[in-house]
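Have a look at run.cif; it's mmCIF, C-alpha atoms:
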data_data
loop_
_atom_site.label_atom_id
_atom_site.label_comp_id
_atom_site.auth_asym_id
_atom_site.auth_seq_id
_atom_site.Cartn_x
_atom_site.Cartn_y
_atom_site.Cartn_z
CA MET Y 1 94.65 81.75 66.16
CA GLN Y 2 95.83 81.14 69.69
CA VAL Y 3 96.01 82.73 73.14
CA THR Y 4 99.37 84.48 73.49
CA ARG Y 5 99.05 86.09 76.93
CA LEU Y 6 96.87 85.87 80.04
CA ARG Y 7 96.73 88.49 82.79
CA VAL Y 8 94.92 88.89 86.08
CA TYR Y 9 94.53 92.06 88.14
CA PRO Y 10 94.02 91.09 91.80
CA VAL Y 11 93.28 94.72 92.77
CA LYS Y 12 91.33 96.93 90.40
CA SER Y 13 93.67 99.55 88.81
CA LEU Y 14 96.88 98.08 90.23
CA ALA Y 15 99.47 96.47 87.97
CA GLY Y 16 98.49 93.04 86.66
CA LEU Y 17 100.18 89.66 86.65
CA GLU Y 18 101.17 87.53 83.67
CA VAL Y 19 100.01 83.91 84.14
CA GLY Y 20 100.38 80.79 82.06
CA SER Y 21 96.88 79.52 82.81
CA ALA Y 22 93.85 80.60 84.80
CA ARG Y 23 90.66 79.09 86.10
CA VAL Y 24 87.52 80.58 84.56
CA LEU Y 25 84.65 81.33 86.95
CA PRO Y 26 81.22 82.83 86.17
CA TRP Y 27 82.42 86.31 87.23
CA GLY Y 28 85.84 86.21 85.54
CA LEU Y 29 89.28 84.70 86.00
CA SER Y 30 90.26 83.39 89.42
CA ASP Y 31 91.90 86.13 91.56
CA ASP Y 32 90.86 88.88 89.15
CA ARG Y 33 89.60 92.18 90.63
CA ARG Y 34 87.97 90.97 93.82
CA TRP Y 35 89.81 93.83 95.61
CA ALA Y 36 89.57 97.58 94.99
CA VAL Y 37 90.73 100.91 96.39
CA VAL Y 38 88.13 103.41 97.64
CA ASP Y 39 88.17 106.84 99.24
CA PRO Y 40 86.85 107.54 102.78
CA HIS Y 41 83.32 107.77 101.35
CA GLY Y 42 83.54 104.40 99.60
CA GLU Y 43 83.86 105.87 96.10
CA PRO Y 44 86.20 103.95 93.76
CA VAL Y 45 89.72 105.32 93.35
CA THR Y 46 91.25 104.22 90.04
CA ALA Y 47 94.38 104.87 88.02
CA ARG Y 48 92.39 107.29 85.86
CA GLU Y 49 92.97 109.92 88.54
CA ALA Y 50 95.55 108.19 90.77
CA ASN Y 51 98.28 107.16 88.31
CA ALA Y 52 100.49 105.81 91.11
CA LEU Y 53 98.19 102.80 91.47
CA LEU Y 54 99.77 101.40 88.29
CA SER Y 55 103.14 101.29 90.06
CA LEU Y 56 101.83 98.98 92.79
CA GLY Y 57 101.57 95.21 92.53
CA ALA Y 58 99.39 92.61 94.21
CA VAL Y 59 99.38 88.83 94.43
CA VAL Y 60 96.70 86.63 95.97
CA LEU Y 61 98.34 84.11 98.30
CA ASP Y 62 97.25 80.52 98.83
CA ASP Y 63 95.31 81.39 101.99
CA GLY Y 64 93.38 84.16 100.21
CA ALA Y 65 95.46 86.98 101.69
CA LEU Y 66 96.77 89.73 99.44
CA LEU Y 67 100.45 90.66 99.13
CA LEU Y 68 100.87 94.31 98.12
CA SER Y 69 104.20 95.59 96.79
CA ASP Y 70 105.72 98.79 95.44
CA ARG Y 71 108.65 99.56 93.15
CA ASP Y 72 110.95 100.04 96.15
CA ALA Y 73 110.48 96.33 96.98
CA GLU Y 74 108.45 97.14 100.09
CA SER Y 75 105.50 94.82 100.65
CA LEU Y 76 102.57 94.22 102.97
CA ARG Y 77 100.49 91.12 103.60
CA VAL Y 78 96.76 91.88 103.89
CA PRO Y 79 94.44 89.16 105.25
CA ALA Y 80 91.12 88.75 103.51
CA PRO Y 81 88.66 90.62 105.80
CA ARG Y 82 86.14 87.78 106.05
CA GLY Y 83 84.75 88.82 109.42
CA ALA Y 84 84.63 92.57 108.85
CA ALA Y 85 81.40 94.55 108.83
CA PRO Y 86 80.40 95.61 105.30
CA VAL Y 87 80.86 99.22 104.20
CA ALA Y 88 79.03 101.00 101.40
CA VAL Y 89 80.97 101.31 98.15
CA GLY Y 90 80.20 103.25 95.01
CA HIS Y 91 80.82 100.45 92.53
CA SER Y 92 77.65 100.23 90.47
CA ARG Y 93 75.38 97.27 91.29
CA GLN Y 94 77.68 96.20 94.16
CA GLY Y 95 76.34 98.08 97.18
CA SER Y 96 78.84 97.05 99.82
CA ALA Y 97 82.18 95.33 100.32
CA LEU Y 98 84.35 94.30 103.27
CA PRO Y 99 87.08 96.72 104.41
CA ALA Y 100 90.64 95.47 104.85
CA ASP Y 101 92.64 96.30 107.97
CA SER Y 102 93.89 99.76 108.90
CA GLY Y 103 97.48 98.81 108.10
CA SER Y 104 96.66 98.36 104.43
CA ALA Y 105 94.83 101.71 104.41
CA ALA Y 106 97.89 103.45 105.83
CA TRP Y 107 100.25 101.66 103.40
CA LEU Y 108 98.21 102.63 100.34
CA SER Y 109 97.46 106.17 101.57
CA ALA Y 110 101.16 106.87 102.03
CA ARG Y 111 101.90 105.83 98.44
CA LEU Y 112 99.02 107.72 96.89
CA GLY Y 113 99.34 110.83 99.03
CA ARG Y 114 95.65 110.81 99.90
CA PRO Y 115 93.40 108.87 102.31
CA VAL Y 116 92.19 105.60 100.80
CA ARG Y 117 91.30 102.12 101.96
CA LEU Y 118 91.24 98.65 100.47
CA VAL Y 119 88.00 96.67 100.14
CA TRP Y 120 87.23 93.08 99.17
CA GLN Y 121 84.25 91.60 97.36
CA PRO Y 122 83.25 88.58 99.48
CA ASP Y 123 80.61 87.18 97.13
CA PRO Y 124 81.17 87.75 93.38
CA LEU Y 125 77.77 86.27 92.59
CA VAL Y 126 75.92 89.33 93.91
CA ARG Y 127 76.98 91.80 91.21
CA PRO Y 128 75.16 91.47 87.87
CA VAL Y 129 76.56 92.61 84.56
CA ASN Y 130 74.82 95.79 83.48
CA PRO Y 131 72.05 94.85 80.99
CA SER Y 132 72.62 98.09 79.08
CA LEU Y 133 76.22 97.00 78.48
CA GLY Y 134 75.54 93.52 77.17
CA GLY Y 135 74.59 91.70 80.36
CA HIS Y 136 72.13 88.80 80.24
CA PRO Y 137 70.09 87.48 83.18
CA GLY Y 138 72.41 85.46 85.39
CA ASP Y 139 75.64 87.14 84.23
CA ARG Y 140 77.88 88.10 87.14
CA VAL Y 141 81.05 90.18 87.43
CA SER Y 142 83.78 90.93 89.95
CA LEU Y 143 84.70 94.57 90.67
CA ALA Y 144 85.71 95.01 87.02
CA ASP Y 145 84.11 97.95 85.22
CA VAL Y 146 81.81 96.17 82.79
CA ALA Y 147 82.24 92.45 82.16
CA PRO Y 148 84.09 89.40 83.50
CA LEU Y 149 86.96 89.44 80.95
CA LEU Y 150 88.50 91.69 78.32
CA LEU Y 151 90.06 90.24 75.16
CA ALA Y 152 92.44 92.13 72.88
CA SER Y 153 94.12 91.15 69.62
CA GLU Y 154 97.75 91.63 68.62
CA SER Y 155 96.71 92.10 64.99
CA SER Y 156 94.39 94.94 66.03
CA LEU Y 157 97.17 96.55 68.05
CA ALA Y 158 99.50 96.24 65.05
CA GLN Y 159 96.94 98.08 62.93
CA LEU Y 160 96.65 100.78 65.58
CA ASP Y 161 100.44 101.18 65.46
CA ARG Y 162 100.33 101.51 61.66
CA TRP Y 163 97.75 104.27 62.01
CA THR Y 164 99.76 106.32 64.50
CA ASP Y 165 102.06 109.13 63.40
CA GLU Y 166 105.49 108.14 62.09
CA GLY Y 167 108.04 108.04 64.87
CA THR Y 168 105.50 107.17 67.57
CA PRO Y 169 106.74 104.17 69.59
CA PRO Y 170 104.59 101.03 69.33
CA MET Y 171 101.80 100.86 71.88
CA ASP Y 172 102.27 98.58 74.88
CA MET Y 173 99.34 96.13 75.11
CA LEU Y 174 99.40 96.65 78.88
CA ARG Y 175 97.84 100.10 78.37
CA PHE Y 176 94.59 98.31 77.48
CA ARG Y 177 94.65 95.99 80.53
CA PRO Y 178 93.32 92.85 78.80
CA ASN Y 179 92.80 89.52 80.53
CA VAL Y 180 93.24 87.58 77.30
CA VAL Y 181 95.50 88.48 74.37
CA VAL Y 182 95.18 86.56 71.11
CA ASP Y 183 97.40 86.79 68.06
CA GLY Y 184 94.49 87.39 65.68
CA ASP Y 185 94.46 87.29 61.90
CA PRO Y 186 96.97 89.83 60.50
CA ASP Y 187 94.72 90.28 57.48
CA GLU Y 188 91.63 91.01 59.61
CA PRO Y 189 92.40 93.43 62.45
CA PHE Y 190 89.43 94.14 64.70
CA ALA Y 191 87.63 91.01 63.49
CA GLU Y 192 86.86 90.32 67.16
CA ASP Y 193 84.32 93.18 67.13
CA ALA Y 194 81.93 90.99 65.13
CA TRP Y 195 82.39 87.70 66.97
CA PRO Y 196 79.16 86.62 68.71
CA PHE Y 197 81.04 83.90 70.64
CA VAL Y 198 84.61 82.66 70.92
CA GLN Y 199 86.06 79.37 72.16
CA LEU Y 200 89.34 79.61 74.06
CA GLY Y 201 90.65 76.09 74.48
CA ASP Y 202 87.73 74.16 75.99
CA VAL Y 203 85.88 77.20 77.33
CA ARG Y 204 83.19 79.08 75.42
CA PHE Y 205 82.56 82.81 75.90
CA ARG Y 206 79.90 85.21 74.68
CA VAL Y 207 81.21 88.47 73.27
CA SER Y 208 79.02 90.97 75.08
CA GLY Y 209 80.31 94.11 73.38
CA VAL Y 210 83.24 96.22 72.23
CA CYS Y 211 85.19 98.05 74.95
CA ASP Y 212 85.12 101.84 74.97
CA ARG Y 213 88.45 103.29 76.03
CA CYS Y 214 89.18 106.05 78.53
CA VAL Y 215 92.04 108.33 79.53
CA MET Y 216 93.65 105.48 81.48
CA THR Y 217 95.07 104.11 78.20
CA THR Y 218 97.09 107.33 77.78
CA ILE Y 219 99.18 106.54 80.89
CA ASP Y 220 102.44 104.72 80.19
CA PRO Y 221 102.38 101.76 82.63
CA GLY Y 222 106.15 101.94 83.09
CA SER Y 223 106.93 105.63 83.47
CA LEU Y 224 103.39 106.69 84.49
CA ALA Y 225 103.72 109.61 82.07
CA ARG Y 226 100.54 110.78 80.31
CA GLY Y 227 100.34 111.38 76.58
CA LYS Y 228 97.79 111.69 73.79
CA GLU Y 229 98.03 108.16 72.43
CA PRO Y 230 96.24 105.88 71.81
CA ILE Y 231 93.09 107.99 72.23
CA ARG Y 232 94.18 110.49 69.55
CA THR Y 233 94.58 107.77 66.91
CA LEU Y 234 91.54 105.78 68.03
CA ALA Y 235 89.49 108.97 67.70
CA LYS Y 236 90.49 109.15 64.02
CA HIS Y 237 89.86 105.50 63.15
CA ARG Y 238 87.80 103.82 65.88
CA SER Y 239 85.27 106.39 67.02
CA TRP Y 240 81.49 106.09 67.18
CA ASP Y 241 78.75 107.04 69.63
CA GLY Y 242 81.09 109.71 70.96
CA LYS Y 243 83.60 107.12 72.27
CA THR Y 244 86.75 105.31 71.14
CA TRP Y 245 86.94 101.52 71.02
CA PHE Y 246 89.53 98.73 71.39
CA GLY Y 247 89.07 95.13 72.61
CA VAL Y 248 85.93 93.15 73.42
CA TRP Y 249 84.16 92.07 76.59
CA LEU Y 250 83.71 88.35 77.29
CA VAL Y 251 81.18 86.53 79.49
CA PRO Y 252 81.93 82.85 80.29
CA GLN Y 253 79.34 80.35 79.10
CA LEU Y 254 80.03 77.69 81.69
CA THR Y 255 78.26 74.36 81.99
CA ALA Y 256 77.96 72.09 85.00
CA SER Y 257 81.07 69.92 85.05
CA PRO Y 258 83.23 68.24 87.72
CA THR Y 259 86.31 69.51 85.85
CA PRO Y 260 87.30 73.16 86.46
CA ALA Y 261 87.18 75.40 83.39
CA VAL Y 262 90.74 76.53 82.61
CA ILE Y 263 92.26 78.53 79.79
CA ALA Y 264 95.99 78.67 79.03
CA VAL Y 265 98.53 80.40 76.85
CA GLY Y 266 98.71 78.43 73.61
CA ASP Y 267 95.03 77.49 73.61
CA ALA Y 268 93.32 77.58 70.24
CA VAL Y 269 90.99 80.52 69.55
CA VAL Y 270 87.89 79.64 67.55
CA PRO Y 271 85.33 82.40 66.89
CA GLY Y 272 81.64 81.67 66.35
#

Taking this structure as input, can you express it in the form of structure tokens?
Amino acid sequence: MQVTRLRVYPVKSLAGLEVGSARVLPWGLSDDRRWAVVDPHGEPVTAREANALLSLGAVVLDDGALLLSDRDAESLRVPAPRGAAPVAVGHSRQGSALPADSGSAAWLSARLGRPVRLVWQPDPLVRPVNPSLGGHPGDRVSLADVAPLLLASESSLAQLDRWTDEGTPPMDMLRFRPNVVVDGDPDEPFAEDAWPFVQLGDVRFRVSGVCDRCVMTTIDPGSLARGKEPIRTLAKHRSWDGKTWFGVWLVPQLTASPTPAVIAVGDAVVPG
């Protein structure tokens, strides 16, 4: 098995970026979900209710600033708000974040049709992984929902496609928003559910749990149209504890080393 795709999501719920390699940090991949969109009260605004977020892009620049873009090729550079006063945010176990400038708030609010603002997580070591969702003491996470990384398998997606009704177009892996995509064993779809650990290239990860899927997967990332898949089919074949499941959460098992931990497309995938 090997890594076939890598993706980072600089802003939670915005469109992601395909990368050839990425540095692995204790809280996730470099540049992954250190930014998020919140409402005036600091509560997270995600693509679950604001589909238009999926039509916006973001890139972290070399100086740490964020470059936002929309599908009309309009863009905005947002400096990292390092000197801003913290504001309360509703992300569990986070507490507060730093608000970006008013220009970014106006830019995003105009595209979502509601008042929102952009916030930045200055210290990703402050937010622990929820122990009830597979977190161990010392595990840390960015502004991602549950864990530092999400892994999905092409063989599992192929099985999901075989289960769906005839005539249903194949599912786009982007609906599941993975950080790491592996080819998997075509004879063992969903084998990743049972992996206790997995080695990607030179980096070892603990599999902290299987990912429960929400309505966000029913939004086509291209057209933004909502449908019933894949939740309808997952509910028939991958349902337990009142939820549907696809993909697994990963927590880096990093050791002290002068060499940065990096994973890349083409890296070998070794479970166990």

Residue IDs satisfying the PyMOL selection byres ((chain Y and resi 223) around 12), as a PyMOL selection string: chain Y and resi 51-52+54-55+71+175+218-222+224-227

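The residue set within 7 Å of Val269 (chain Y), counting only C-alpha atoms and dropping same-chain residues fewer than 6 places from it, reads Y:Met1, Y:Gln2, Y:Val3, Y:Val198, Y:Gln199, Y:Leu200, Y:Gly201.
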
Residues of region 132-188 of chain Y that have any atom at most 12 Å from an atom of region 87-95 of chain Y: could you tabulate them with the shortest-distance atom pair and the distance in Å to one decimal, using only C-alpha atoms, ordered by chain and increasing number, as a tab-separated table?
residue	atom	partner	partner_atom	distance
Y:Arg140	CA	Y:Arg93	CA	10.4
Y:Val141	CA	Y:Gln94	CA	9.6
Y:Ser142	CA	Y:Gln94	CA	9.1
Y:Leu143	CA	Y:His91	CA	7.3
Y:Ala144	CA	Y:His91	CA	9.2
Y:Asp145	CA	Y:His91	CA	8.4
Y:Val146	CA	Y:Ser92	CA	9.6

Selection result for the PyMOL selection byres ((chain Y and resi 40) around 8) on this file, as number ranges by chain: Y: 38-39, 41-43, 115-117

Length of the CA of Ser21 (chain Y) to CA of Thr4 (chain Y) vector [Å]: 10.8 Å
